[in-house]
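Below you'll find the structure, written out as structure tokens, and then a few comments.
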Amino acid sequence: AANGEPLTLTLPTGALLDTATGLSIGQGFEWTIINLSAAAIDTVTLTAGSGHTIVGIAIVQSAHASTGLLYGASARFFTKKTAADTFVTYRL
């Protein structure tokens, strides 16, 4: 997104992740969002597709001094397969 625009990212559906990853139940992977935008309004918000749940704060603030320096402009996540076509993403 351009400066001055929040960005919403939708995590894949559980069925799509199941097909794409080939993970077994209980397996997962870690990933990170780093928001280098300098505009305070440029947050990144995660939403979940069907069969996918988010646990924890799903907003990553920008690197602006009023937000990122206070709250951090990056976030680590762990996505775990909990059942067939079912995933949970945890903010670490």
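Naming scheme: A, B, ... for chains in displayed order of the structure tokens; residues 1 onward per chain; ligands 1 onward as shown.
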Exercise. Any idea what's packed within 7 Å of Pro12 (chain A), counting only C-alpha atoms, ignoring anything in its chain fewer than 3 positions away? Could you give it as a list in words?
Worked result: Leu16, Leu17, Ala48 and Gly49 of chain A
Residues as selected, N, CA, C and O atoms, written as an mmCIF file, in the first residue's frame, can you do that?
data_model
loop_
_atom_site.group_PDB
_atom_site.id
_atom_site.type_symbol
_atom_site.label_atom_id
_atom_site.label_comp_id
_atom_site.auth_asym_id
_atom_site.auth_seq_id
_atom_site.Cartn_x
_atom_site.Cartn_y
_atom_site.Cartn_z
ATOM 1 N N LEU A 16 -6.602 -24.426 1.382
ATOM 2 C CA LEU A 16 -5.516 -23.997 0.506
ATOM 3 C C LEU A 16 -4.154 -24.246 1.167
ATOM 4 O O LEU A 16 -3.234 -24.762 0.537
ATOM 5 N N LEU A 17 -4.034 -23.911 2.452
ATOM 6 C CA LEU A 17 -2.773 -24.162 3.163
ATOM 7 C C LEU A 17 -2.472 -25.645 3.257
ATOM 8 O O LEU A 17 -1.320 -26.056 3.143
ATOM 9 N N ALA A 48 -8.431 -13.762 8.636
ATOM 10 C CA ALA A 48 -8.272 -15.195 8.379
ATOM 11 C C ALA A 48 -9.307 -15.693 7.389
ATOM 12 O O ALA A 48 -10.474 -15.315 7.453
ATOM 13 N N GLY A 49 -8.851 -16.551 6.489
ATOM 14 C CA GLY A 49 -9.765 -17.217 5.580
ATOM 15 C C GLY A 49 -10.482 -18.349 6.297
ATOM 16 O O GLY A 49 -10.168 -18.684 7.448
#
For this session: Name all residues at most 10 Å from region 59-66 of chain A (count only C-alpha atoms; drop same-chain ones fewer than 5 positions away) and give them as an NGL selection string.
Result: :A and (6-8 or 33-47 or 71-76 or 91)
Exercise. If we count only C-alpha atoms, what is near Val55 (chain A) at a cut-off of 9 Å, once residues fewer than 6 positions away on the same chain are taken out, given as a count of residues only?
Worked result: 4
Exercise. Running DSSP on the backbone, which parts of chain A land in strand (DSSP E), as an MDAnalysis selection string?
Worked result: chainID A and resid 7:11 28:34 44:48 52:55 59:60 74:83 86:91
For this session: Name all residues at most 7 Å from region 19-30 of chain A (count only C-alpha atoms; drop same-chain ones fewer than 3 positions away) and give them as a ChimeraX atom specification.
Result: /A:15-16,77-83
Could you save the residues just selected, with N, CA, C and O atoms, as a PDB file, in the first residue's frame?
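Output saved as selection.pdb:
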ATOM      1  N   ALA A  15      -8.033 -25.102   3.721  1.00  0.00           N
ATOM      2  CA  ALA A  15      -7.926 -26.062   2.613  1.00  0.00           C
ATOM      3  C   ALA A  15      -6.762 -25.702   1.692  1.00  0.00           C
ATOM      4  O   ALA A  15      -5.999 -26.578   1.274  1.00  0.00           O
ATOM      5  N   LEU A  16      -6.602 -24.426   1.382  1.00  0.00           N
ATOM      6  CA  LEU A  16      -5.516 -23.997   0.506  1.00  0.00           C
ATOM      7  C   LEU A  16      -4.154 -24.246   1.167  1.00  0.00           C
ATOM      8  O   LEU A  16      -3.234 -24.762   0.537  1.00  0.00           O
ATOM      9  N   PHE A  77       4.936 -14.733  13.767  1.00  0.00           N
ATOM     10  CA  PHE A  77       3.753 -15.572  13.839  1.00  0.00           C
ATOM     11  C   PHE A  77       4.159 -17.033  13.690  1.00  0.00           C
ATOM     12  O   PHE A  77       5.182 -17.348  13.100  1.00  0.00           O
ATOM     13  N   PHE A  78       3.337 -17.919  14.233  1.00  0.00           N
ATOM     14  CA  PHE A  78       3.515 -19.358  14.041  1.00  0.00           C
ATOM     15  C   PHE A  78       2.190 -19.914  13.565  1.00  0.00           C
ATOM     16  O   PHE A  78       1.155 -19.732  14.219  1.00  0.00           O
ATOM     17  N   THR A  79       2.188 -20.559  12.409  1.00  0.00           N
ATOM     18  CA  THR A  79       0.983 -21.154  11.842  1.00  0.00           C
ATOM     19  C   THR A  79       1.086 -22.663  11.991  1.00  0.00           C
ATOM     20  O   THR A  79       2.072 -23.267  11.577  1.00  0.00           O
ATOM     21  N   LYS A  80       0.065 -23.252  12.610  1.00  0.00           N
ATOM     22  CA  LYS A  80       0.076 -24.685  12.946  1.00  0.00           C
ATOM     23  C   LYS A  80      -1.165 -25.368  12.373  1.00  0.00           C
ATOM     24  O   LYS A  80      -2.280 -24.843  12.480  1.00  0.00           O
ATOM     25  N   LYS A  81      -0.947 -26.551  11.807  1.00  0.00           N
ATOM     26  CA  LYS A  81      -2.069 -27.360  11.324  1.00  0.00           C
ATOM     27  C   LYS A  81      -2.646 -28.104  12.518  1.00  0.00           C
ATOM     28  O   LYS A  81      -1.960 -28.845  13.208  1.00  0.00           O
ATOM     29  N   THR A  82      -3.934 -27.909  12.784  1.00  0.00           N
ATOM     30  CA  THR A  82      -4.579 -28.544  13.935  1.00  0.00           C
ATOM     31  C   THR A  82      -5.503 -29.693  13.547  1.00  0.00           C
ATOM     32  O   THR A  82      -5.870 -30.501  14.387  1.00  0.00           O
ATOM     33  N   ALA A  83      -5.911 -29.741  12.298  1.00  0.00           N
ATOM     34  CA  ALA A  83      -6.765 -30.813  11.768  1.00  0.00           C
ATOM     35  C   ALA A  83      -6.749 -30.675  10.244  1.00  0.00           C
ATOM     36  O   ALA A  83      -6.175 -29.726   9.712  1.00  0.00           O
TER      37      ALA A  83
END
Exercise. How many Å lie between CA of His52 (chain A) and CA of Asp85 (chain A), rounded to one decimal?
Worked result: 8.3 Å
For this session: For CA of Thr53 (chain A) and CA of Glu5 (chain A), determine how far apart the two atoms are, in Å to one decimal place.
Result: 24.8 Å
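Residues of chain A carrying a DSSP assignment of helix (DSSP H, G or I), computed from the backbone, are Gly14, Ala15, Leu16, Leu17, Asp18, Thr19, Ala20, Thr21, Gly68, Leu69, Leu70 and Tyr71 of chain A.
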Seminar exercise, completed: In terms of only C-alpha atoms, the residue from A:Phe87, A:Ala58, A:Leu92, A:Thr67 at minimal distance from Gly14 (chain A) is A:Phe87
